[in-house]
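**Student:** Got a structure here, written out as structure tokens. Questions coming.
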There are 2 protein chains.
Amino acid sequence: MSDYPDILRALNASRTEDFLKRIEGKRPLFICTIATTETAKIPGISAAGKNPELTDYTPSADVEFLHYGRCRCIDGLPVTPDGIPTPALITRAAINLSGIPILVVDGGSKVKPQTPFLDVGGKPGRDIRTGRAVENVTSVFERSMAAGRDLSKTADYLVLGESIPGGTTTALSVMLAMGLNAKGKVSSSMPDNPHHLKLSVAREAMGATGIGEGELEGKPLEAIAAVGDPTQASIAGLIMGAAREVPIIMAGGTQMAALLAIINGIDQSVTDRLAIGTTSWLIRDISSDLAGLVSQVGDVPVMAANLNFTESRYPGLRAYESGAVKEGVGAGGVSISSMAMTFGRITRTSLQEEIEREYGGIVSKR
Amino acid sequence: MSDYPDILRALNASRTEDFLKRIEGKRPLFICTIATTETAKIPGISAAGKNPELTDYTPSADVEFLHYGRCRCIDGLPVTPDGIPTPALITRAAINLSGIPILVVDGGSKVKPQTPFLDVGGKPGRDIRTGRAVENVTSVFERSMAAGRDLSKTADYLVLGESIPGGTTTALSVMLAMGLNAKGKVSSSMPDNPHHLKLSVAREAMGATGIGEGELEGKPLEAIAAVGDPTQASIAGLIMGAAREVPIIMAGGTQMAALLAIINGIDQSVTDRLAIGTTSWLIRDISSDLAGLVSQVGDVPVMAANLNFTESRYPGLRAYESGAVKEGVGAGGVSISSMAMTFGRITRTSLQEEIEREYGGIVSKR
């Protein structure tokens with residue numbers, strides 16, 4: 001096996017080696033599940049949009065960019081309120097270099113993407129403070145499971161990413177409801193992680209349903225319905241449908257820890273087929289604790305693409321080094337996958353060059 | 001290569017041999033594109049439903065049956081007015097035995113399937129006699145092309161089927177508009193092919209647009225928009241996106257001849273990557289002329305699964321031998337594909353046993 005010096009073995013190193021061996025040279029399918037929620041519009045919760053109302057556009061704009069190299073439902077790229085661009089730039093660069101196919105799944109988005117997308121019957125998420133966050137969770141889960149079964153036959157393994165503004169807050173709520181010690185551990189797309197605000201929103205959500213912390217242990221679909229988000233129902237279904245057939249990289253940060261807990265609550269034996277693939281920014285983030293979350297569920301491999309934007313020409317990318325954005329749209333997992341697929345011929349350097357090229361093209365068009 | 005005695009080489013035999021060699025042992029993806037139209041509700045046009053209003057349900061019921069082994073939006077199975085069951089029975093049997101993965105594409109259906117499906121932005125078709133049959137053809141075509149590009153990376157080749165009531169009438173209209181000699185050549189799901197009715201509907205449609213026969217030669221997307229149906233826009237896009245990468249079986253009867261003409265009008269060079277896969281009932285049908293249609297476009301391989309329901313326990317299946325149904329939902333192409341994938345281990349006999357088993361299970365549930 002190649003060494004993959006640009007992939008950090010962040011947790012459970014020897015199982016991570018095994019996982020990398022299993023996917024080396026193999027053909028993945030990247031599935032990006034998108035959704036929107038009203039939770040993301042609570043001021044201060046999400047930086048996945050120039051302003052809270054724009055979070056309705058971000059997921060669709062992200063996958064439009066992945067497909068076409070430019071967004072259709074918005075001008076330019078999705079950015080944070082500070083103008084830092086979407087991590088879809090990283091994902092697209094990895095896809096450009098590797099040719100990894102992409103499939104968009106609409107878990108429930110208000111603004112539909114102008115791309116082909118798989119409909120699994122999902123609806124946009126409500127504000128979790130209603131305590132009725134996600135409609136028809138069971139049917140979305142079940143349809144996604146049917147899709148996962150078929151999609152597992154179209155690739156050697158799956159890479160599952162997401163784009164959902166406010167996703168770490170719904171991740172926090174679901175983990176708390178299921179009894180994980182998640183306080184202060186979820187990540188943020190902002191340099192200053194608003195833990196206090198997230199926790200108070202999560203607690204208000206649980207208050208509205210009348211459930212206490214840990215009361216939904218072993219009831220993950222109930223937890224999603226009450227205080228979660230639509231991507232959780234869909235990604236959990238995809239995993240349950242596919243994991244018996246193929247390995248799966250859960251491409252994301254602390255949101256994927258929540259999904260791990262959800263899967264573990266449905267069928268512990270599935271957890272063995274999973275790994276988390278993320279970015280070094282997420283792993284090195286001192287305001288969150290992915291390892292601390294994953295360890296509460298099981299000894300799942302966690303690996304990270306060791307990207308570094310210090311030398312970027314663009315301030316918007318250099319900002320990643322100060323803790324902005326960090327992860328999303330499967331950026332870390334797809335980067336790892338592109339490296340493993342090509343036996344390490346795609347490196348952090350070639351990825352970064354392609355990212356600079358892509359971003360340069362967009363910046364110059366403005 | 002295996003002999004494949006259960007696959008008829010119906011046209012261009014040596015190119016058919018080459019095509020079979022290319023797909024032998026390879027992994028296909030079956031894509032079933034569905035849509036509904038108001039055209040199908042013209043009395044006497046379609047037998048793809050117990051009555052004209054039920055044609056809105058047939059495509060979704062077909063793919064629900066493929067996914068789950070039972071329909072969800074209707075009780076039982078889609079049947080003709082005489083109670084003859086859908087060819088989805090054949091497709092499902094081939095999928096059961098081979099494990100071929102399936103993806104549903106919604107080209108534009110009024111009743112959405114309760115399965116996962118790929119949304120390409122399509123709308124149900126209007127009555128072609130309006131002369132404005134299909135909305136936003138270009139955007140559906142383009143999105144399907146984007147999907148085809150990615151899907152071509154998920155399989156060694158694609159099998160493209162359809163379920164759209166009234167599809168041979170819209171096929172006829174498009175072929176006439178494009179200048180093919182198609183009169184009296186399209187197939188029908190009824191034993192008595194209503195050629196006169198279809199032709200008068202097609203002529204009324206062309207009259208409404210003010211175009212004469214052949215006037216849209218070389219303008220296939222315009223022909224679809226004026227007198228075609230939504231599956232044509234979507235399947236044409238899928239083919240244009242995928243055919244550069246992988247071989248494609250167009251799984252169907254005379255509707256696929258119309259698609260061949262459409263593709264040929266967009267880019268002749270793509271025609272080389274295509275083959276038609278159908279059933280022996282279609283090939284032997286004296287009321288239609290698939291070979292006569294295909295020959296007007298090019299020397300495309302045409303092969304047929306040599307199925308035979310003479311010995312079936314069920315009158316509903318024996319009726320196929322008297323010219324009912326004949327083809328649809330990719331039945332012929334998926335059967336062929338299941339044989340080629342397994343080097344001939346799946347045979348017409350094993351398929352027929354599985355069809356009897358599936359149908360028996362459904363008949364006994366009533």
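In the structure tokens, chains take the letters A, B, ... in the order shown, each chain's residues start at 1, and ligands count up from 1 in the order shown.
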Hey, what's within 10 Å of B:Ile249 if we count only C-alpha atoms and toss same-chain stuff fewer than 4 positions away? As a PDB file with N, CA and C atoms, in the first residue's frame, please?
**Tutor:**
ATOM      1  N   PHE B  19     -21.328  -6.287 -29.948  1.00  0.00           N
ATOM      2  CA  PHE B  19     -21.881  -5.601 -28.778  1.00  0.00           C
ATOM      3  C   PHE B  19     -21.994  -6.566 -27.600  1.00  0.00           C
ATOM      4  N   ILE B  23     -20.254  -6.452 -23.692  1.00  0.00           N
ATOM      5  CA  ILE B  23     -20.948  -6.361 -22.390  1.00  0.00           C
ATOM      6  C   ILE B  23     -20.875  -7.663 -21.592  1.00  0.00           C
ATOM      7  N   PRO B  28     -23.892  -3.776 -15.468  1.00  0.00           N
ATOM      8  CA  PRO B  28     -24.709  -2.664 -15.975  1.00  0.00           C
ATOM      9  C   PRO B  28     -25.403  -1.906 -14.830  1.00  0.00           C
ATOM     10  N   PHE B  30     -29.272  -0.303 -14.582  1.00  0.00           N
ATOM     11  CA  PHE B  30     -30.538  -0.133 -15.291  1.00  0.00           C
ATOM     12  C   PHE B  30     -31.185   1.162 -14.843  1.00  0.00           C
ATOM     13  N   TYR B 157     -21.721  -0.417 -18.219  1.00  0.00           N
ATOM     14  CA  TYR B 157     -22.583   0.086 -19.288  1.00  0.00           C
ATOM     15  C   TYR B 157     -23.968   0.376 -18.726  1.00  0.00           C
ATOM     16  N   LEU B 158     -24.786   1.071 -19.498  1.00  0.00           N
ATOM     17  CA  LEU B 158     -26.117   1.432 -19.036  1.00  0.00           C
ATOM     18  C   LEU B 158     -27.191   0.703 -19.849  1.00  0.00           C
ATOM     19  N   VAL B 159     -28.278   0.397 -19.169  1.00  0.00           N
ATOM     20  CA  VAL B 159     -29.471  -0.124 -19.831  1.00  0.00           C
ATOM     21  C   VAL B 159     -30.571   0.901 -19.565  1.00  0.00           C
ATOM     22  N   LEU B 160     -31.107   1.486 -20.620  1.00  0.00           N
ATOM     23  CA  LEU B 160     -32.086   2.562 -20.456  1.00  0.00           C
ATOM     24  C   LEU B 160     -33.471   2.095 -20.892  1.00  0.00           C
ATOM     25  N   GLY B 161     -34.386   2.007 -19.938  1.00  0.00           N
ATOM     26  CA  GLY B 161     -35.759   1.622 -20.244  1.00  0.00           C
ATOM     27  C   GLY B 161     -36.731   2.734 -19.914  1.00  0.00           C
ATOM     28  N   ILE B 239     -28.374   9.566 -22.639  1.00  0.00           N
ATOM     29  CA  ILE B 239     -27.529   8.954 -23.662  1.00  0.00           C
ATOM     30  C   ILE B 239     -26.400   9.901 -24.052  1.00  0.00           C
ATOM     31  N   MET B 256     -37.825   3.182 -28.812  1.00  0.00           N
ATOM     32  CA  MET B 256     -36.376   3.356 -28.842  1.00  0.00           C
ATOM     33  C   MET B 256     -35.889   3.702 -30.252  1.00  0.00           C
ATOM     34  N   ARG B 273     -22.385   3.810 -30.274  1.00  0.00           N
ATOM     35  CA  ARG B 273     -22.235   3.207 -28.943  1.00  0.00           C
ATOM     36  C   ARG B 273     -23.528   2.548 -28.484  1.00  0.00           C
ATOM     37  N   LEU B 274     -24.543   2.551 -29.329  1.00  0.00           N
ATOM     38  CA  LEU B 274     -25.876   2.135 -28.900  1.00  0.00           C
ATOM     39  C   LEU B 274     -26.285   0.800 -29.483  1.00  0.00           C
ATOM     40  N   ALA B 275     -27.118   0.095 -28.728  1.00  0.00           N
ATOM     41  CA  ALA B 275     -27.799  -1.083 -29.250  1.00  0.00           C
ATOM     42  C   ALA B 275     -29.224  -1.037 -28.722  1.00  0.00           C
ATOM     43  N   ILE B 276     -30.126  -1.695 -29.426  1.00  0.00           N
ATOM     44  CA  ILE B 276     -31.484  -1.828 -28.911  1.00  0.00           C
ATOM     45  C   ILE B 276     -31.649  -3.238 -28.382  1.00  0.00           C
ATOM     46  N   GLY B 277     -32.228  -3.337 -27.177  1.00  0.00           N
ATOM     47  CA  GLY B 277     -32.524  -4.640 -26.590  1.00  0.00           C
ATOM     48  C   GLY B 277     -34.013  -4.733 -26.339  1.00  0.00           C
ATOM     49  N   THR B 278     -34.667  -5.733 -26.933  1.00  0.00           N
ATOM     50  CA  THR B 278     -36.118  -5.835 -26.776  1.00  0.00           C
ATOM     51  C   THR B 278     -36.528  -7.294 -26.566  1.00  0.00           C
ATOM     52  N   PRO B 301     -27.183  -2.368 -33.692  1.00  0.00           N
ATOM     53  CA  PRO B 301     -27.519  -3.735 -33.307  1.00  0.00           C
ATOM     54  C   PRO B 301     -28.888  -3.798 -32.635  1.00  0.00           C
ATOM     55  N   VAL B 302     -29.690  -4.764 -33.040  1.00  0.00           N
ATOM     56  CA  VAL B 302     -30.970  -5.002 -32.358  1.00  0.00           C
ATOM     57  C   VAL B 302     -30.977  -6.454 -31.908  1.00  0.00           C
ATOM     58  N   MET B 303     -31.159  -6.643 -30.603  1.00  0.00           N
ATOM     59  CA  MET B 303     -31.212  -8.004 -30.071  1.00  0.00           C
ATOM     60  C   MET B 303     -32.489  -8.143 -29.251  1.00  0.00           C
ATOM     61  N   GLY B 330     -38.287  -1.729 -19.717  1.00  0.00           N
ATOM     62  CA  GLY B 330     -36.965  -2.307 -19.985  1.00  0.00           C
ATOM     63  C   GLY B 330     -36.915  -3.820 -20.003  1.00  0.00           C
ATOM     64  N   GLY B 333     -34.460  -5.597 -22.645  1.00  0.00           N
ATOM     65  CA  GLY B 333     -33.066  -5.206 -22.458  1.00  0.00           C
ATOM     66  C   GLY B 333     -32.477  -5.693 -21.146  1.00  0.00           C
ATOM     67  N   VAL B 334     -33.258  -5.628 -20.078  1.00  0.00           N
ATOM     68  CA  VAL B 334     -32.749  -6.078 -18.780  1.00  0.00           C
ATOM     69  C   VAL B 334     -32.608  -7.602 -18.779  1.00  0.00           C
ATOM     70  N   ILE B 336     -31.833  -9.456 -21.398  1.00  0.00           N
ATOM     71  CA  ILE B 336     -30.598  -9.686 -22.157  1.00  0.00           C
ATOM     72  C   ILE B 336     -29.381  -9.395 -21.287  1.00  0.00           C
ATOM     73  N   SER B 337     -29.460  -8.281 -20.591  1.00  0.00           N
ATOM     74  CA  SER B 337     -28.353  -7.853 -19.758  1.00  0.00           C
ATOM     75  C   SER B 337     -28.067  -8.868 -18.651  1.00  0.00           C
TER      76      SER B 337
END
**Student:** Counting only C-alpha atoms, which residues in stretch 2-72 of chain B sit no more than 6 Å from stretch 76-88 of chain B? For each one, give the nearest pair of atoms and the distance in Å, sorted by chain then residue number, as JSON lines.
**Tutor:**
{"residue": "B:Ala47", "atom": "CA", "partner": "B:Thr80", "partner_atom": "CA", "distance": 4.9}
{"residue": "B:Ala48", "atom": "CA", "partner": "B:Thr80", "partner_atom": "CA", "distance": 5.5}
{"residue": "B:Gly49", "atom": "CA", "partner": "B:Thr80", "partner_atom": "CA", "distance": 5.0}
{"residue": "B:Lys50", "atom": "CA", "partner": "B:Pro81", "partner_atom": "CA", "distance": 4.2}
{"residue": "B:Thr58", "atom": "CA", "partner": "B:Pro78", "partner_atom": "CA", "distance": 5.7}
{"residue": "B:Asp62", "atom": "CA", "partner": "B:Ala88", "partner_atom": "CA", "distance": 5.9}
**Student:** Quick one: which residues from chain B are at most 8 Å off chain A, using only C-alpha atoms, as a list in words?
**Tutor:**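 Contact residues on the first chain: Leu29, His67, Ile100, Pro101, Ile102, Leu103, Gln114, Thr115, Pro116, Phe117, Leu118, Asp119, Val120, Gly121, Arg143, Ser144, Ala146, Ala147, Asp150, Leu151, Lys153, Thr154 and Ala155 of chain B.
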**Student:** For B:Arg348, list every protein, DNA or RNA residue within 8 Å, evaluated using only C-alpha atoms, and leave out those in the same chain fewer than 4 positions away; present the list as a PyMOL selection string.
**Tutor:** chain B and resi 6+305-308+352
**Student:** From the set A:Ile164, A:Met175, A:Val227, A:Leu66, which residue has the shortest atom-to-atom contact distance to A:Val137, counting only C-alpha atoms?
**Tutor:**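 Nearest to A:Val137: A:Val227.
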**Student:** In stretch 121-356 of chain B, what's strand (DSSP E) per DSSP? Answer as an mmCIF file with C-alpha atoms, in the first residue's frame?
**Tutor:**
data_model
loop_
_atom_site.group_PDB
_atom_site.id
_atom_site.type_symbol
_atom_site.label_atom_id
_atom_site.label_comp_id
_atom_site.auth_asym_id
_atom_site.auth_seq_id
_atom_site.Cartn_x
_atom_site.Cartn_y
_atom_site.Cartn_z
ATOM 1 C CA TYR B 157 -22.583 0.086 -19.288
ATOM 2 C CA LEU B 158 -26.117 1.432 -19.036
ATOM 3 C CA VAL B 159 -29.471 -0.124 -19.831
ATOM 4 C CA LEU B 160 -32.086 2.562 -20.456
ATOM 5 C CA GLY B 161 -35.759 1.622 -20.244
ATOM 6 C CA GLU B 162 -39.005 3.519 -19.927
ATOM 7 C CA SER B 163 -42.520 3.383 -18.634
ATOM 8 C CA ILE B 248 -25.730 1.674 -23.902
ATOM 9 C CA ILE B 249 -28.604 -0.731 -24.375
ATOM 10 C CA MET B 250 -31.776 1.110 -25.266
ATOM 11 C CA ALA B 251 -34.253 -1.242 -23.650
ATOM 12 C CA LEU B 274 -25.876 2.135 -28.900
ATOM 13 C CA ALA B 275 -27.799 -1.083 -29.250
ATOM 14 C CA ILE B 276 -31.484 -1.828 -28.911
ATOM 15 C CA GLY B 277 -32.524 -4.640 -26.590
ATOM 16 C CA THR B 278 -36.118 -5.835 -26.776
ATOM 17 C CA THR B 279 -38.299 -8.940 -26.623
ATOM 18 C CA VAL B 302 -30.970 -5.002 -32.358
ATOM 19 C CA MET B 303 -31.212 -8.004 -30.071
ATOM 20 C CA ALA B 304 -34.182 -9.608 -28.380
ATOM 21 C CA ALA B 305 -34.711 -11.805 -25.346
#
**Student:** Skipping near chain neighbours, those fewer than 5 positions away, what residues fall within 9 Å of B:Arg129 using only C-alpha atoms, listed as an MDAnalysis selection string?
**Tutor:** chainID B and resid 39 201:209 227
**Student:** For atom CA of A:Pro230 and atom CA of B:Cys73, quote the distance in Å rounded to one decimal.
**Tutor:**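 One can read the atom CA of A:Pro230 to atom CA of B:Cys73 distance as 23.8 Å.
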**Student:** Taking 3 positions as the minimum chain separation for residues in the same chain, which residues sit within 12 Å of B:Asn136 when counting only C-alpha atoms? Answer as number ranges by chain.
**Tutor:** B: 107-108, 120-125, 132-133, 139-143, 221-222, 224-226, 229-230, 233-234
**Student:** Do you have the atom CA of A:Glu215-atom CA of A:Gly179 distance handy?
**Tutor:** 6.9 Å
**Student:** Record the distance separating atom CA of B:Glu53 and atom CA of B:Lys41, expressed in Å with one decimal.
**Tutor:**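 Taking atom CA of B:Glu53 and atom CA of B:Lys41, their separation equals 6.4 Å.
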**Student:** For the alpha helix (DSSP H) assignment from backbone DSSP, which residues of stretch 145-293 of chain B qualify? Please present them as a ChimeraX atom specification.
**Tutor:** /B:145-151,167-177,195-209,220-227,230-242,254-266,280-284,290-293
**Student:** Could you check which of A:Val297, A:Thr130, A:Ser280, A:Arg22 is closest to A:Val246, using only C-alpha atoms?
**Tutor:**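 With only C-alpha atoms as the atom set, the closest residue is A:Arg22.
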**Student:** Ranking B:Gln268, B:Arg244, B:Ile235, B:Lys198 by minimum distance to B:Gly218 and counting only C-alpha atoms, which one comes first?
**Tutor:** B:Gln268
**Student:** Using only C-alpha atoms, which of A:Ala331, A:Ile45, A:Ile283, A:Val134 sits nearest A:Leu199?
**Tutor:**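 Among A:Ala331, A:Ile45, A:Ile283, A:Val134, it is A:Ile45 that comes nearest to A:Leu199.
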